[in-house]
$ cat entry_1.txt   # compact mmCIF, C-alpha atoms
# COMPACT_ATOMS: atom_id res chain seq x y z
CA MET A 1 10.10 -9.88 0.94
CA LYS A 2 8.23 -7.48 3.22
CA LYS A 3 7.79 -3.91 2.02
CA ASP A 4 9.58 -2.37 5.02
CA THR A 5 12.57 -4.66 4.36
CA VAL A 6 12.91 -3.68 0.69
CA TRP A 7 12.47 0.02 1.55
CA LYS A 8 15.27 -0.16 4.14
CA ALA A 9 17.57 -1.79 1.60
CA TYR A 10 16.62 0.79 -1.05
CA LEU A 11 17.19 3.80 1.22
CA SER A 12 20.51 2.45 2.47
CA ASP A 13 21.88 4.19 -0.63
CA ASP A 14 22.80 7.67 0.64
CA ARG A 15 22.19 9.24 -2.78
CA ARG A 16 18.52 8.26 -2.57
CA PHE A 17 18.18 9.31 1.05
CA ALA A 18 19.65 12.73 0.24
CA ASP A 19 17.39 13.02 -2.81
CA LEU A 20 14.27 12.34 -0.72
CA VAL A 21 15.36 14.93 1.85
CA ASN A 22 16.03 17.53 -0.85
CA GLY A 23 12.76 16.83 -2.64
CA ILE A 24 10.55 16.85 0.45
CA MET A 25 12.21 19.40 2.73
CA PHE A 26 13.92 21.75 0.24
CA HIS A 27 11.52 21.48 -2.74
CA GLY A 28 14.24 20.03 -4.98
CA ALA A 29 17.08 22.38 -4.07
CA GLN A 30 20.33 20.42 -3.69
CA ALA A 31 20.93 21.31 -0.04
CA VAL A 32 22.15 17.82 0.93
CA SER A 33 24.45 15.37 -0.84
CA ALA A 34 25.38 11.78 -0.08
CA LYS A 35 28.74 12.82 1.42
CA ASP A 36 26.89 14.90 4.04
CA LEU A 37 25.22 11.81 5.51
CA THR A 38 26.31 9.51 8.32
CA GLU A 39 24.30 6.39 9.09
CA ARG A 40 22.93 6.23 12.62
CA ASP A 41 21.52 3.44 14.76
CA THR A 42 17.78 3.05 14.15
CA GLN A 43 17.21 2.33 17.85
CA THR A 44 15.97 5.39 19.69
CA GLY A 45 15.17 6.05 23.32
CA TYR A 46 16.94 5.88 26.64
CA MET A 47 19.49 3.09 26.97
CA PRO A 48 20.27 2.39 30.64
CA GLN A 49 23.82 1.80 31.75
CA PRO A 50 24.91 -1.41 33.50
CA GLY A 51 23.63 -1.45 37.05
CA GLU A 52 20.85 1.10 36.45
CA ARG A 53 17.36 0.07 37.48
CA ARG A 54 15.58 2.29 35.00
CA GLN A 55 13.53 0.28 32.53
CA ARG A 56 14.59 0.20 28.90
CA SER A 57 12.53 2.38 26.54
CA ILE A 58 13.61 1.54 22.99
CA LYS A 59 11.89 2.15 19.64
CA ILE A 60 13.10 0.90 16.26
CA ARG A 61 12.92 3.23 13.27
CA ASP A 62 13.17 2.40 9.56
CA THR A 63 16.09 4.59 8.47
CA VAL A 64 18.07 7.34 10.25
CA ARG A 65 20.90 9.56 9.00
CA GLU A 66 22.86 12.36 10.61
CA VAL A 67 23.05 15.17 8.08
CA ARG A 68 25.61 17.96 7.95
CA LEU A 69 24.03 21.22 6.77
CA HIS A 70 26.37 24.21 6.52
CA ASP A 71 28.23 23.97 9.85
CA GLY A 72 25.45 22.27 11.80
CA LEU A 73 24.01 18.78 12.23
CA VAL A 74 20.48 17.36 12.11
CA ARG A 75 19.22 13.79 12.45
CA ILE A 76 16.55 12.78 9.93
CA GLY A 77 14.49 9.62 10.07
CA ILE A 78 12.31 8.30 7.24
CA GLU A 79 9.40 5.97 7.99
CA CYS A 80 7.69 4.06 5.15
CA GLU A 81 4.03 3.28 5.85
CA GLU A 82 1.54 1.10 3.94
CA TYR A 83 -1.56 1.44 6.12
CA VAL A 84 -3.26 4.29 7.96
CA ASP A 85 -2.14 4.19 11.60
CA TYR A 86 -4.70 6.19 13.57
CA SER A 87 -2.19 6.60 16.39
CA MET A 88 0.60 7.76 14.07
CA PRO A 89 1.10 11.27 15.57
CA LEU A 90 1.70 9.69 18.97
CA ARG A 91 3.99 7.05 17.48
CA ASP A 92 5.93 9.66 15.53
CA LEU A 93 6.22 11.84 18.63
CA GLY A 94 7.66 8.80 20.41
CA TYR A 95 10.31 8.45 17.68
CA THR A 96 11.29 12.11 17.99
CA ALA A 97 11.30 12.13 21.80
CA GLY A 98 13.26 8.87 21.75
CA GLU A 99 15.87 10.42 19.48
CA TYR A 100 16.34 13.34 21.87
CA GLU A 101 16.53 10.95 24.84
CA LYS A 102 19.20 9.00 23.03
CA GLN A 103 21.23 12.16 22.38
CA ALA A 104 20.87 13.25 26.01
CA ALA A 105 22.15 9.82 27.10
CA GLU A 106 25.17 10.25 24.80
CA ILE A 107 25.88 13.67 26.35
CA ARG A 108 25.63 12.28 29.89
CA ARG A 109 27.99 9.46 28.95
CA CYS A 110 30.61 12.02 27.87
CA ILE A 111 30.05 14.21 30.96
CA ARG A 112 30.87 11.29 33.26
CA GLN A 113 34.52 11.80 32.34
CA GLU A 114 34.49 15.34 33.83
CA LEU A 115 32.03 14.75 36.68
CA SER A 116 34.55 15.72 39.37
CA SER A 117 34.75 19.27 37.98
CA LEU A 118 31.00 19.82 37.98
CA HIS A 119 28.86 21.15 40.81
CA GLY A 120 25.22 21.59 41.77
CA ALA A 121 22.53 20.78 39.21
CA GLU A 122 25.05 20.03 36.45
CA ARG A 123 26.63 17.32 38.59
CA MET A 124 23.24 16.04 39.81
CA TYR A 125 21.65 15.67 36.38
CA ARG A 126 24.88 15.16 34.41
CA PHE A 127 23.76 17.75 31.91
CA LYS A 128 25.60 21.06 31.65
CA LYS A 129 24.07 24.47 31.13
CA ASP A 130 25.56 24.71 27.64
CA SER A 131 24.80 21.08 26.64
CA ARG A 132 22.72 20.91 23.47
CA VAL A 133 20.99 18.22 21.42
CA ILE A 134 20.78 18.52 17.65
CA PRO A 135 17.45 18.81 15.78
CA SER A 136 15.55 15.63 14.97
CA VAL A 137 13.22 15.51 11.95
CA SER A 138 10.85 12.68 11.09
CA LEU A 139 9.52 12.21 7.54
CA ILE A 140 6.72 9.75 6.74
CA LEU A 141 6.45 8.25 3.25
CA TYR A 142 2.90 6.91 2.91
CA CYS A 143 2.43 4.55 -0.06
CA GLY A 144 -0.87 2.90 0.89
CA ARG A 145 -3.76 2.45 -1.56
CA ASP A 146 -6.28 4.18 0.69
CA GLU A 147 -6.19 7.92 1.20
CA TRP A 148 -4.71 8.97 4.54
CA ASN A 149 -7.80 9.75 6.63
CA GLY A 150 -6.10 9.51 10.02
CA PRO A 151 -4.92 12.27 12.36
CA ARG A 152 -2.00 14.43 11.27
CA THR A 153 -1.35 16.17 14.58
CA LEU A 154 -1.42 15.16 18.23
CA HIS A 155 -4.34 17.55 18.78
CA ASP A 156 -6.32 15.55 16.19
CA MET A 157 -6.13 12.59 18.57
CA ILE A 158 -7.16 14.46 21.74
CA ASP A 159 -10.77 14.91 22.85
CA PHE A 160 -11.25 18.60 23.67
CA ALA A 161 -15.05 18.49 23.11
CA ASP A 162 -16.24 19.18 26.67
CA LEU A 163 -13.34 21.36 27.77
CA PRO A 164 -12.83 25.14 27.69
CA GLY A 165 -10.79 26.48 24.76
CA GLU A 166 -7.92 27.46 27.05
CA ILE A 167 -7.12 23.77 27.63
CA ARG A 168 -6.45 23.27 23.92
CA GLU A 169 -4.23 26.33 23.87
CA TRP A 170 -2.19 25.04 26.83
CA THR A 171 -1.89 21.50 25.46
CA GLN A 172 1.28 21.05 23.42
CA ASP A 173 0.69 19.89 19.83
CA TYR A 174 2.84 17.82 17.50
CA ARG A 175 2.52 17.83 13.71
CA MET A 176 3.65 15.00 11.43
CA HIS A 177 5.43 15.52 8.11
CA ILE A 178 3.69 13.04 5.81
CA LEU A 179 4.07 12.61 2.04
CA GLU A 180 1.17 10.76 0.38
CA VAL A 181 2.88 9.24 -2.64
CA ARG A 182 -0.29 8.29 -4.56
CA LYS A 183 -1.62 11.86 -4.35
CA MET A 184 1.54 13.45 -5.76
CA LYS A 185 0.98 15.37 -9.00
CA ASP A 186 4.64 16.04 -9.72
CA THR A 187 7.89 14.19 -8.94
CA SER A 188 10.28 16.39 -10.92
CA MET A 189 11.89 17.63 -7.67
CA PHE A 190 13.69 14.28 -7.34
CA CYS A 191 16.91 13.64 -9.27
CA THR A 192 17.71 9.95 -8.69
CA ASP A 193 15.64 6.85 -9.41
CA VAL A 194 13.53 7.89 -6.39
CA ARG A 195 11.41 9.73 -8.97
CA HIS A 196 10.88 6.57 -11.04
CA VAL A 197 10.04 4.45 -8.00
CA LEU A 198 7.48 6.99 -6.75
CA ASP A 199 6.04 7.38 -10.27
CA PHE A 200 5.52 3.63 -10.49
CA ILE A 201 3.81 3.48 -7.08
CA ARG A 202 1.47 6.40 -7.75
CA ASN A 203 0.39 4.85 -11.08
CA SER A 204 0.28 1.24 -9.88
CA SER A 205 -3.54 1.13 -9.55
CA ASP A 206 -4.01 1.81 -13.29
CA LYS A 207 -2.48 -0.83 -15.58
CA ASN A 208 -2.89 1.33 -18.69
CA ALA A 209 -1.09 4.26 -17.04
CA LEU A 210 1.59 1.86 -15.80
CA ARG A 211 2.09 0.41 -19.29
CA GLN A 212 2.46 3.93 -20.72
CA LEU A 213 4.90 4.93 -17.97
CA VAL A 214 7.32 2.01 -18.41
CA THR A 215 7.09 2.21 -22.21
CA GLU A 216 7.86 5.93 -22.50
CA ASP A 217 10.55 6.23 -19.80
CA PRO A 218 13.79 4.41 -20.78
CA TYR A 219 14.81 4.06 -17.11
CA TYR A 220 12.48 1.09 -16.68
CA ARG A 221 14.46 -0.90 -19.26
CA ASN A 222 17.62 -0.71 -17.13
CA MET A 223 16.62 -0.71 -13.45
CA GLU A 224 18.70 -1.24 -10.33
CA GLU A 225 17.79 -4.47 -8.54
CA ASP A 226 16.90 -2.83 -5.21
CA ALA A 227 14.59 -0.39 -7.03
CA TRP A 228 12.91 -3.36 -8.77
CA ASN A 229 12.46 -5.04 -5.39
CA VAL A 230 10.52 -2.02 -4.15
CA ILE A 231 8.20 -1.42 -7.08
CA VAL A 232 7.20 -5.05 -7.65
CA GLN A 233 5.61 -4.90 -4.20
CA TYR A 234 3.10 -2.39 -5.62
CA ALA A 235 2.46 -3.85 -9.08
CA LYS A 236 -0.86 -5.67 -9.53
CA VAL A 237 0.98 -8.32 -11.52
CA GLY A 238 1.90 -11.05 -9.04
CA LYS A 239 4.31 -12.93 -11.34
CA LEU A 240 6.69 -9.93 -11.49
CA VAL A 241 8.17 -10.96 -8.14
CA ASN A 242 9.36 -14.29 -9.58
CA VAL A 243 10.74 -13.30 -13.01
CA LYS A 244 13.53 -10.93 -11.98
CA ASP A 245 16.39 -13.21 -13.07
CA TYR A 246 14.79 -13.84 -16.48
CA TYR A 247 14.87 -10.11 -17.33
CA ARG A 248 18.30 -9.38 -15.83
CA GLU A 249 21.21 -8.24 -18.00
CA ASP A 250 24.57 -6.88 -16.78
CA GLY A 251 23.22 -6.51 -13.26
CA LYS A 252 20.25 -4.37 -14.36
CA ILE A 253 16.63 -5.45 -14.88
CA ASP A 254 14.28 -4.66 -17.76
CA MET A 255 10.99 -3.80 -16.04
CA CYS A 256 9.44 -2.49 -19.26
CA THR A 257 9.64 -5.79 -21.14
CA ALA A 258 8.75 -7.83 -18.06
CA LEU A 259 5.64 -5.81 -17.29
CA ILE A 260 4.36 -5.63 -20.87
CA GLU A 261 4.84 -9.37 -21.46
CA LEU A 262 3.19 -10.32 -18.19
CA LEU A 263 0.27 -7.94 -18.80
CA GLU A 264 -0.15 -9.51 -22.25
CA ASP A 265 -0.11 -12.99 -20.67
CA GLU A 266 -2.76 -11.84 -18.18
CA ARG A 267 -4.89 -10.47 -21.03
CA LYS A 268 -4.70 -13.74 -22.98
CA GLU A 269 -5.45 -15.75 -19.85
CA GLY A 270 -8.41 -13.49 -19.12
CA GLU A 271 -9.72 -13.96 -22.68
CA LYS A 272 -9.38 -17.75 -22.36
CA ILE A 273 -11.29 -17.75 -19.05
CA GLY A 274 -13.93 -15.53 -20.67
CA GLU A 275 -14.28 -17.92 -23.60
CA LEU A 276 -14.72 -20.91 -21.28
CA ARG A 277 -17.35 -19.08 -19.25
CA GLY A 278 -19.07 -18.06 -22.46
CA GLU A 279 -19.09 -21.64 -23.68
CA LYS A 280 -20.67 -22.82 -20.42
CA ARG A 281 -23.37 -20.15 -20.63
CA GLY A 282 -23.90 -21.08 -24.27
CA VAL A 283 -24.34 -24.75 -23.37
CA LYS A 284 -26.94 -23.84 -20.73
CA ARG A 285 -28.84 -21.65 -23.19
CA GLY A 286 -28.59 -24.42 -25.79
CA VAL A 287 -30.02 -27.00 -23.37
CA LYS A 288 -32.95 -24.69 -22.61
CA ARG A 289 -33.60 -24.13 -26.29
CA GLY A 290 -33.35 -27.89 -26.94
CA VAL A 291 -35.86 -28.67 -24.19
CA LYS A 292 -38.24 -26.09 -25.59
CA ARG A 293 -37.92 -27.50 -29.11
CA GLY A 294 -38.48 -31.02 -27.79
CA GLU A 295 -41.64 -29.92 -26.00
CA MET A 296 -42.91 -28.25 -29.16
CA ARG A 297 -42.28 -31.42 -31.23
CA ALA A 298 -44.07 -33.53 -28.62
CA GLU A 299 -47.08 -31.22 -28.69
CA LYS A 300 -47.24 -31.34 -32.49
CA LYS A 301 -47.09 -35.15 -32.41
CA TYR A 302 -49.85 -35.25 -29.77
CA ILE A 303 -52.09 -32.98 -31.91
CA ARG A 304 -51.54 -35.15 -35.02
CA ASN A 305 -52.46 -38.29 -33.05
CA LEU A 306 -55.67 -36.64 -31.77
CA MET A 307 -56.62 -35.58 -35.29
CA LYS A 308 -55.95 -39.06 -36.67
CA ASN A 309 -57.42 -41.27 -33.92
CA LEU A 310 -60.44 -39.13 -32.93
CA ASN A 311 -61.07 -37.56 -36.30
CA LEU A 312 -60.67 -34.03 -34.86
CA THR A 313 -59.85 -30.84 -36.65
CA GLU A 314 -56.53 -29.17 -35.85
CA LYS A 315 -58.38 -26.47 -33.84
CA GLN A 316 -60.25 -29.12 -31.81
CA ALA A 317 -57.03 -31.05 -31.17
CA MET A 318 -55.23 -27.86 -29.96
CA ALA A 319 -58.18 -27.10 -27.65
CA ALA A 320 -57.93 -30.63 -26.23
CA LEU A 321 -54.18 -30.09 -25.65
CA GLU A 322 -54.89 -26.89 -23.69
CA ILE A 323 -57.47 -28.77 -21.52
CA LYS A 324 -54.81 -31.41 -20.80
CA LYS A 325 -52.28 -28.72 -19.80
CA ARG A 326 -54.79 -27.01 -17.47
CA HIS A 327 -55.63 -30.39 -15.91
CA ARG A 328 -51.93 -31.00 -15.22
CA LEU A 329 -51.61 -27.53 -13.70
CA ARG A 330 -54.59 -28.13 -11.36
CA SER A 331 -53.16 -31.49 -10.31
CA PHE A 332 -49.80 -29.85 -9.57
CA ILE A 333 -51.42 -27.11 -7.43
CA LYS A 334 -53.40 -29.73 -5.47
CA ARG A 335 -50.25 -31.76 -4.82
CA THR A 336 -48.36 -28.63 -3.71
CA ARG A 337 -51.11 -27.56 -1.31
CA GLY A 338 -51.40 -31.07 0.04
CA SER A 339 -47.68 -31.22 0.83
CA ASN A 340 -47.93 -27.94 2.77

$ encode --input "entry_1.txt" --output "structure tokens"
Amino acid sequence: MKKDTVWKAYLSDDRRFADLVNGIMFHGAQAVSAKDLTERDTQTGYMPQPGERRQRSIKIRDTVREVRLHDGLVRIGIECEEYVDYSMPLRDLGYTAGEYEKQAAEIRRCIRQELSSLHGAERMYRFKKDSRVIPSVSLILYCGRDEWNGPRTLHDMIDFADLPGEIREWTQDYRMHILEVRKMKDTSMFCTDVRHVLDFIRNSSDKNALRQLVTEDPYYRNMEEDAWNVIVQYAKVGKLVNVKDYYREDGKIDMCTALIELLEDERKEGEKIGELRGEKRGVKRGVKRGVKRGEMRAEKKYIRNLMKNLNLTEKQAMAALEIKKRHRLRSFIKRTRGSN
């Protein structure tokens, strides 16, 4: 499964969506609950009516909810990103502008019913003086391994280098709201299993930290399936994706046991590979030592033969052996030079 697919399924639970909103926007205060949310179409932008010639301008978002806060409404979208998009401020601005365009189109659709009672600019543009859109907020959940080193505002993408400062002041800016999960120091502001999912992701690069996390926190012994589907995408233990059913009980999944057993299997497999590599290196070293011993035995035999057949002393025989070696070396050098 792709990461964006599992995230969409995970955040389809309104409790989790509300928890993310409360943790990010309200620092953990319980300003929003699941009953305050209404799911909205993730398509944003202007949608032309039948017969209109205007080209379609549609963008697809990950997750969007309309949230009731006090007596007002706000639409909040959450985008889950894995890689640094260096055009992200522009893309995010497109999402927000598209959401407002979509709301304006909805207003114009309603105004068509009372068009005969309107005059002037209201009739021309099908937008009344007191027509209002509701706020649109975009939150970006960045879970990538690399630190976010891309632009965070629209101004970060614009080249003002050779222009007077007034141009920057007159150019509208747009700032993204981005949460870098792996840089988070604290997740206590979250109340649902959002905290456990984010904890797993931010520790996923360190297997020892991950082992400690799932061992000490009882949640990981009784996980929801859609939460499992998210975090296995970030674990550096590939087999986790395929063992879900084996560790399932009463609809919940025991991540703790699964992870520890698979890490232990990886350790044993690593040790076995290390032993085999060590054996191969040992064989090579043994062959070298054997060759050297064989050469030494041959030299000793040669010296004994010289001493016996030519009636030489051991010192004279060793000197003769050295002369033979030097002669071989000179012959080798001559052959090498000749081949060049």

$ atom_distance --input "entry_1.txt" --atom1 "atom CA of A:Ala105" --atom2 "atom CA of A:Phe127"
9.4 Å

$ atom_distance --input "entry_1.txt" --atom1 "atom CA of A:Val64" --atom2 "atom CA of A:Glu101"
15.1 Å

$ residues_around --input "entry_1.txt" --residues "A:Tyr86" --least-positions-apart "6" --cutoff "9 Å" --atoms "all atoms listed in the file" --output "VMD selection string"
chain A and resid 149 to 152 157

$ axis_aligned_box --input "entry_1.txt" --around "stretch 300-315 of chain A" --padding-each-side "6 Å" --output "lines of an AutoDock Vina configuration file"
center_x = -54.1
center_y = -33.9
center_z = -33.2
size_x = 26.0
size_y = 26.8
size_z = 18.9

$ residues_near_point --input "entry_1.txt" --point "(4.4, 15.8, 6.6)" --cutoff "7 Å" --atoms "all atoms listed in the file" --output "list in words"
Leu139, Ile140, Met176, His177, Ile178 and Leu179 of chain A

$ residues_around --input "entry_1.txt" --residues "A:Asp173" --least-positions-apart "2" --cutoff "8 Å" --atoms "all atoms listed in the file" --output "list in words"
Thr153, Leu154, His155, Thr171 and Arg175 of chain A

$ atom_distance --input "entry_1.txt" --atom1 "atom CA of A:Arg123" --atom2 "atom CA of A:Gly72"
27.3 Å

$ closest_residue --input "entry_1.txt" --among "A:Asp41, A:Asp193, A:Asp206, A:Asp92" --to "A:Leu20" --atoms "all atoms listed in the file"
A:Asp193

$ residues_around --input "entry_1.txt" --residues "stretch 73-79 of chain A" --least-positions-apart "5" --cutoff "6 Å" --atoms "only C-alpha atoms" --output "JSON, numbers by chain"
{"A": [62, 63, 64, 65, 66, 67, 68, 134, 135, 136, 137, 138, 139, 140]}

$ residues_around --input "entry_1.txt" --residues "A:Asp146" --least-positions-apart "6" --cutoff "12 Å" --atoms "only C-alpha atoms" --output "list in words"
Glu81, Glu82, Tyr83, Val84, Asp85, Glu180, Val181, Arg182, Lys183, Arg202 and Ser205 of chain A

$ closest_residue --input "entry_1.txt" --among "A:Tyr100, A:Phe190, A:Trp170, A:Tyr95" --to "A:Val133" --atoms "only C-alpha atoms"
A:Tyr100

$ residues_around --input "entry_1.txt" --residues "A:Thr187" --least-positions-apart "4" --cutoff "9 Å" --atoms "all atoms listed in the file" --output "ChimeraX atom specification"
/A:23,194-196,198-199

$ closest_residue --input "entry_1.txt" --among "A:Ala161, A:Met88, A:Ile303, A:Arg221" --to "A:Lys315" --atoms "all atoms listed in the file"
A:Ile303
